[in-house]
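Heads up: the structure comes next, in structure tokens.
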Amino acid sequence: MFLQKLHIINYRNIAQADVNLCPGINCFVGNNGAGKTNLLDTVYYLSFCKSYTNVADSLNILHDQPFMVIQGEYLINNVEETIYCGVKRGRKKQFKRNKTDYTRITDHIGLLPLVIISPSDEDLIADAAEERRRYMDYVISQSDVTYLDAIMRYSKTLMNRNQHLKDLQAKIDNGQTVDFALLDILDEQLSAIGHYISDKRRSFIEWLRPIVKKIYSSISSADCENIDVQYFTGLDKYDLLIGLRESRNRDLILGYTSRGIHKDDITISYNGYPMKQVGSQGQRKSFVIALKLAQYRYLEFTTKKNPILLLDDIFDKLDDSRGDNLIRFVASESYGQIFISDTNKEHLVRLQNNISNKPFKIFDVANGTITES
């Protein structure tokens, strides 16, 4: 699978662009703010129906323009596919596959598997557990529509339970008699969905663990650096249905559900200590890259396609040795189409001269204009 042509109109600072891409490595070079990341974001958008930055669709439209368009022409299993996205201010987003509108945009997720590595990925280490749960859900959902549906059902049921807890507590405070029948049903629903999601998350992390370690070692070239990633869930200590009923009185007072898979986390360690506390910038960056490249292997295995790989400003905070190891690693024939953004053209030209096994293109980006070098 690869993206052959990309057509952009009024996306952020890119007024108009038609880019002919190669199936190997496509590099975009320019100063900060030139539009490199915006171009990579359009590729992400075509896979996930939204921007990587999660901003509202209207905020992606070029200032003072009424609409934006992104269109990609793909080759998937030797079949040409055209994916179109159009957004008009104040209108519902249009997403089409071969000129046919999707009934549900979520039906598109998984058609074009993609992995992005960007500076913001260090949030996986530094930020709260919510970011790491979102990461697991985002990856697994690309290859498992049943899991995606389960995540949406869990969220809706959790929201309903939280609201019902507040309603019940309000009645209790007013001295009214309350009926817990609906809460019993919500607990049963949350438990069934939660155990399914937990099992999927555990299998995913266990699949990733040995691959993350191997890739990290290849990038860092340091045998003394021992990293690990593990899945943590309260369901290791209790059955969710029992846990929900045990915490019911407390949940009524709190007004929200205190137990469940919405409290899960991933623990990331370096030489037995939390990576967040002891890892250097280069080590944290190397771990995130290893995690994302292991994710690539997972999607390749589960979707039977070569995902597109976006590397946005990845050389920042990596020394020359780690950066060169990374490029040699992803330039292997086992990786598919790759997009790289960088500010250093000499660096990219050196890479081009040292890579002979993949097609290679360099594009200059300036003020939202993309030209092939």
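In the structure tokens, each chain is lettered A, B, ... as it comes, each chain's residues begin at 1, and ligands are numbered from 1 in order of appearance.
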Cut-off 12 Å: closest range 221-327 of chain A/range 129-133 of chain A atom pairs per residue, using only C-alpha atoms, as CSV:
residue,atom,partner,partner_atom,distance
A:Val229,CA,A:Arg132,CA,11.3
A:Gln230,CA,A:Arg132,CA,11.4
A:Tyr231,CA,A:Arg133,CA,10.0
A:Phe232,CA,A:Ala129,CA,10.3
A:Thr233,CA,A:Arg133,CA,10.8
A:Ile261,CA,A:Arg133,CA,9.1
A:His262,CA,A:Arg133,CA,7.8
A:Lys263,CA,A:Ala129,CA,7.6
A:Asp264,CA,A:Arg133,CA,6.8
A:Asp265,CA,A:Ala129,CA,5.3
A:Ile266,CA,A:Arg132,CA,6.3
A:Thr267,CA,A:Ala129,CA,9.2
A:Ile268,CA,A:Arg132,CA,10.3
A:Val288,CA,A:Arg132,CA,11.7
A:Leu291,CA,A:Arg132,CA,11.7
Keeping only all heavy atoms, take the residues you just selected and write them out as a compact mmCIF listing (two decimals), in the first residue's frame.
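Saved to again_28.txt:
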# COMPACT_ATOMS: atom_id res chain seq x y z
N VAL A 229 8.03 -2.28 28.93
CA VAL A 229 6.70 -1.68 28.90
C VAL A 229 5.71 -2.76 29.31
O VAL A 229 5.78 -3.89 28.82
CB VAL A 229 6.37 -1.12 27.50
CG1 VAL A 229 6.58 -2.16 26.40
CG2 VAL A 229 4.94 -0.60 27.44
N GLN A 230 4.83 -2.44 30.25
CA GLN A 230 3.88 -3.42 30.77
C GLN A 230 2.50 -2.78 30.93
O GLN A 230 2.39 -1.57 31.14
CB GLN A 230 4.35 -3.98 32.11
CG GLN A 230 5.60 -4.84 32.01
CD GLN A 230 6.01 -5.41 33.35
OE1 GLN A 230 6.21 -4.68 34.31
NE2 GLN A 230 6.13 -6.72 33.42
N TYR A 231 1.49 -3.64 30.85
CA TYR A 231 0.11 -3.20 31.00
C TYR A 231 -0.33 -3.34 32.45
O TYR A 231 -0.06 -4.36 33.09
CB TYR A 231 -0.78 -4.05 30.09
CG TYR A 231 -2.26 -3.82 30.22
CD1 TYR A 231 -2.83 -2.58 29.97
CD2 TYR A 231 -3.11 -4.88 30.56
CE1 TYR A 231 -4.20 -2.38 30.06
CE2 TYR A 231 -4.49 -4.68 30.66
CZ TYR A 231 -5.02 -3.43 30.41
OH TYR A 231 -6.37 -3.25 30.51
N PHE A 232 -0.99 -2.30 32.97
CA PHE A 232 -1.49 -2.34 34.34
C PHE A 232 -2.99 -2.08 34.34
O PHE A 232 -3.47 -1.11 33.75
CB PHE A 232 -0.80 -1.28 35.20
CG PHE A 232 -1.42 -1.15 36.57
CD1 PHE A 232 -1.11 -2.05 37.58
CD2 PHE A 232 -2.35 -0.14 36.84
CE1 PHE A 232 -1.70 -1.94 38.83
CE2 PHE A 232 -2.94 -0.03 38.08
CZ PHE A 232 -2.61 -0.93 39.08
N THR A 233 -3.74 -2.96 35.00
CA THR A 233 -5.18 -2.78 35.14
C THR A 233 -5.64 -3.26 36.50
O THR A 233 -5.11 -4.25 37.04
CB THR A 233 -5.94 -3.55 34.03
OG1 THR A 233 -7.35 -3.42 34.26
CG2 THR A 233 -5.57 -5.02 34.01
N ILE A 261 -11.83 -0.04 33.46
CA ILE A 261 -10.68 -0.01 32.55
C ILE A 261 -10.35 1.42 32.10
O ILE A 261 -9.32 1.63 31.45
CB ILE A 261 -10.91 -0.95 31.35
CG1 ILE A 261 -12.22 -0.62 30.61
CG2 ILE A 261 -10.91 -2.39 31.79
CD1 ILE A 261 -12.04 0.31 29.45
N HIS A 262 -11.18 2.39 32.46
CA HIS A 262 -10.85 3.80 32.21
C HIS A 262 -9.81 4.30 33.21
O HIS A 262 -9.42 5.47 33.16
CB HIS A 262 -12.10 4.68 32.28
CG HIS A 262 -12.86 4.57 33.55
ND1 HIS A 262 -13.60 3.46 33.88
CD2 HIS A 262 -12.99 5.43 34.60
CE1 HIS A 262 -14.15 3.64 35.06
NE2 HIS A 262 -13.80 4.82 35.52
N LYS A 263 -9.32 3.40 34.08
CA LYS A 263 -8.23 3.71 35.01
C LYS A 263 -6.95 2.96 34.64
O LYS A 263 -5.95 3.04 35.36
CB LYS A 263 -8.64 3.34 36.44
CG LYS A 263 -9.87 4.06 36.96
CD LYS A 263 -9.61 5.54 37.18
CE LYS A 263 -10.80 6.23 37.80
NZ LYS A 263 -10.54 7.66 38.04
N ASP A 264 -6.96 2.21 33.55
CA ASP A 264 -5.80 1.41 33.14
C ASP A 264 -4.60 2.30 32.80
O ASP A 264 -4.75 3.50 32.54
CB ASP A 264 -6.14 0.54 31.92
CG ASP A 264 -7.09 -0.60 32.26
OD1 ASP A 264 -7.43 -0.76 33.44
OD2 ASP A 264 -7.49 -1.31 31.33
N ASP A 265 -3.42 1.69 32.73
CA ASP A 265 -2.22 2.44 32.39
C ASP A 265 -1.18 1.50 31.78
O ASP A 265 -1.33 0.27 31.82
CB ASP A 265 -1.64 3.11 33.64
CG ASP A 265 -0.70 4.27 33.32
OD1 ASP A 265 -0.45 4.53 32.12
OD2 ASP A 265 -0.22 4.93 34.27
N ILE A 266 -0.15 2.10 31.22
CA ILE A 266 1.03 1.38 30.76
C ILE A 266 2.20 1.86 31.60
O ILE A 266 2.40 3.07 31.75
CB ILE A 266 1.34 1.67 29.27
CG1 ILE A 266 0.17 1.30 28.38
CG2 ILE A 266 2.59 0.91 28.83
CD1 ILE A 266 0.36 1.74 26.94
N THR A 267 2.97 0.95 32.18
CA THR A 267 4.17 1.34 32.92
C THR A 267 5.39 1.22 32.00
O THR A 267 5.55 0.22 31.29
CB THR A 267 4.38 0.46 34.16
OG1 THR A 267 4.50 -0.92 33.76
CG2 THR A 267 3.20 0.59 35.11
N ILE A 268 6.21 2.25 31.99
CA ILE A 268 7.39 2.31 31.12
C ILE A 268 8.62 2.47 32.01
O ILE A 268 8.72 3.43 32.78
CB ILE A 268 7.29 3.50 30.14
CG1 ILE A 268 6.02 3.37 29.28
CG2 ILE A 268 8.53 3.58 29.27
CD1 ILE A 268 5.65 4.63 28.55
N VAL A 288 10.20 6.07 22.57
CA VAL A 288 8.97 6.37 21.84
C VAL A 288 9.07 5.88 20.40
O VAL A 288 8.13 5.32 19.84
CB VAL A 288 8.67 7.88 21.88
CG1 VAL A 288 7.57 8.25 20.91
CG2 VAL A 288 8.26 8.31 23.29
N LEU A 291 8.69 2.17 20.40
CA LEU A 291 7.29 1.83 20.62
C LEU A 291 6.48 2.00 19.34
O LEU A 291 5.68 1.11 18.98
CB LEU A 291 6.71 2.72 21.73
CG LEU A 291 5.24 2.47 22.10
CD1 LEU A 291 5.09 1.12 22.78
CD2 LEU A 291 4.73 3.59 23.00
- Task: Step one, run DSSP on the backbone; step two, keep only residues of range 32-197 of chain A assigned to strand (DSSP E or B); then write them as a ChimeraX atom specification.
- Result: /A:61,67-76,79-88,94-97,100-101,114-117
Counting only C-alpha atoms, closest pick from A:Arg297, A:Ser118, A:Arg284, A:Ile61 relative to Gly90 in chain A is A:Ile61
- Query: Can you tell me, as a VMD selection string, what residues are no more than 9 Å from Leu59 in chain A when counting only C-alpha atoms, ignoring any on the same chain fewer than 4 positions away?
  - Reply: chain A and resid 12 55 63
query: Got a sec: who's within 12 Å of Asp342 in chain A, counting only C-alpha atoms, leaving out chain neighbours fewer than 6 positions off, as a list in words?
result: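 My list of contacting residues is Asn26, Cys27, Phe28, Val29, Gly30, Asn31, Asn32, Gly33, Ala34, Gly35, Lys36, Thr37, Leu40, Ser118, Leu310, Leu311, Asp312, Asp313, Ile314, Phe315, Asp316, Leu348, Val349, Leu351, Ile362, Phe363, Asp364 and Val365 of chain A.
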Written selection (N, CA, C and O atoms) as a short mmCIF file (atom, residue, chain, number, x, y, z; two decimals), in the first residue's frame:
data_model
loop_
_atom_site.label_atom_id
_atom_site.label_comp_id
_atom_site.auth_asym_id
_atom_site.auth_seq_id
_atom_site.Cartn_x
_atom_site.Cartn_y
_atom_site.Cartn_z
N ASN A 26 9.96 9.75 1.17
CA ASN A 26 9.63 11.10 0.71
C ASN A 26 10.00 12.09 1.81
O ASN A 26 9.46 12.02 2.92
N CYS A 27 10.95 12.98 1.51
CA CYS A 27 11.45 13.92 2.52
C CYS A 27 10.99 15.33 2.20
O CYS A 27 11.04 15.78 1.05
N PHE A 28 10.58 16.05 3.24
CA PHE A 28 10.11 17.42 3.10
C PHE A 28 10.98 18.31 3.98
O PHE A 28 11.02 18.13 5.20
N VAL A 29 11.69 19.26 3.36
CA VAL A 29 12.67 20.06 4.07
C VAL A 29 12.28 21.54 3.99
O VAL A 29 11.83 22.02 2.95
N GLY A 30 12.46 22.23 5.09
CA GLY A 30 12.15 23.65 5.14
C GLY A 30 12.30 24.17 6.55
O GLY A 30 12.49 23.41 7.50
N ASN A 31 12.20 25.49 6.69
CA ASN A 31 12.32 26.10 8.01
C ASN A 31 11.10 25.77 8.87
O ASN A 31 10.06 25.34 8.36
N ASN A 32 11.22 25.99 10.14
CA ASN A 32 10.09 25.81 11.04
C ASN A 32 8.96 26.76 10.61
O ASN A 32 9.20 27.94 10.33
N GLY A 33 7.74 26.24 10.56
CA GLY A 33 6.60 27.04 10.16
C GLY A 33 6.38 27.10 8.67
O GLY A 33 5.43 27.76 8.20
N ALA A 34 7.21 26.39 7.89
CA ALA A 34 7.09 26.45 6.43
C ALA A 34 5.89 25.66 5.92
O ALA A 34 5.34 25.96 4.84
N GLY A 35 5.47 24.62 6.64
CA GLY A 35 4.33 23.81 6.21
C GLY A 35 4.62 22.33 6.13
O GLY A 35 3.77 21.56 5.69
N LYS A 36 5.83 21.90 6.57
CA LYS A 36 6.20 20.48 6.49
C LYS A 36 5.25 19.61 7.32
O LYS A 36 4.73 18.61 6.84
N THR A 37 5.06 20.01 8.57
CA THR A 37 4.19 19.23 9.45
C THR A 37 2.75 19.26 8.96
O THR A 37 2.02 18.27 9.06
N LEU A 40 2.40 16.60 6.28
CA LEU A 40 2.31 15.27 6.89
C LEU A 40 0.96 15.07 7.56
O LEU A 40 0.39 13.96 7.55
N SER A 118 6.20 11.84 16.21
CA SER A 118 6.32 13.30 16.24
C SER A 118 6.85 13.75 17.59
O SER A 118 6.86 12.98 18.55
N LEU A 310 5.02 8.09 9.10
CA LEU A 310 5.32 9.52 9.11
C LEU A 310 6.33 9.82 10.21
O LEU A 310 6.09 9.50 11.37
N LEU A 311 7.45 10.43 9.85
CA LEU A 311 8.49 10.80 10.81
C LEU A 311 8.62 12.31 10.81
O LEU A 311 9.26 12.89 9.93
N ASP A 312 7.98 12.95 11.78
CA ASP A 312 7.93 14.41 11.82
C ASP A 312 8.98 14.95 12.79
O ASP A 312 8.85 14.78 14.00
N ASP A 313 9.99 15.59 12.23
CA ASP A 313 11.03 16.24 13.05
C ASP A 313 11.64 15.26 14.06
O ASP A 313 11.84 15.61 15.22
N ILE A 314 11.95 14.05 13.60
CA ILE A 314 12.39 13.00 14.53
C ILE A 314 13.84 13.15 14.97
O ILE A 314 14.24 12.54 15.96
N PHE A 315 14.64 13.94 14.26
CA PHE A 315 16.06 14.01 14.60
C PHE A 315 16.34 14.94 15.77
O PHE A 315 17.43 14.94 16.33
N ASP A 316 15.32 15.74 16.15
CA ASP A 316 15.48 16.59 17.31
C ASP A 316 15.68 15.73 18.56
O ASP A 316 14.95 14.77 18.79
N LEU A 348 19.45 15.33 4.81
CA LEU A 348 18.60 14.47 3.97
C LEU A 348 19.33 14.04 2.70
O LEU A 348 19.17 12.90 2.25
N VAL A 349 20.11 14.94 2.13
CA VAL A 349 20.89 14.58 0.93
C VAL A 349 21.89 13.49 1.26
O VAL A 349 22.10 12.54 0.48
N LEU A 351 21.54 11.27 3.58
CA LEU A 351 20.76 10.04 3.70
C LEU A 351 20.45 9.45 2.33
O LEU A 351 20.56 8.25 2.11
N ILE A 362 13.16 14.23 -2.45
CA ILE A 362 13.25 15.35 -1.52
C ILE A 362 12.41 16.49 -2.08
O ILE A 362 12.50 16.84 -3.26
N PHE A 363 11.59 17.09 -1.20
CA PHE A 363 10.75 18.22 -1.58
C PHE A 363 11.13 19.42 -0.70
O PHE A 363 11.36 19.27 0.50
N ASP A 364 11.19 20.60 -1.32
CA ASP A 364 11.42 21.83 -0.58
C ASP A 364 10.07 22.43 -0.21
O ASP A 364 9.16 22.49 -1.04
N VAL A 365 9.97 22.89 1.04
CA VAL A 365 8.73 23.49 1.52
C VAL A 365 9.04 24.90 2.01
O VAL A 365 9.93 25.09 2.86
#
Compare A:Cys22, A:Leu39, A:Cys85, A:Leu299 by their minimum atom-to-atom distance to Phe67 in chain A, counting only C-alpha atoms, and give me the closest one.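 Ranking A:Cys22, A:Leu39, A:Cys85, A:Leu299 by distance to Phe67 in chain A, first place goes to A:Cys85.
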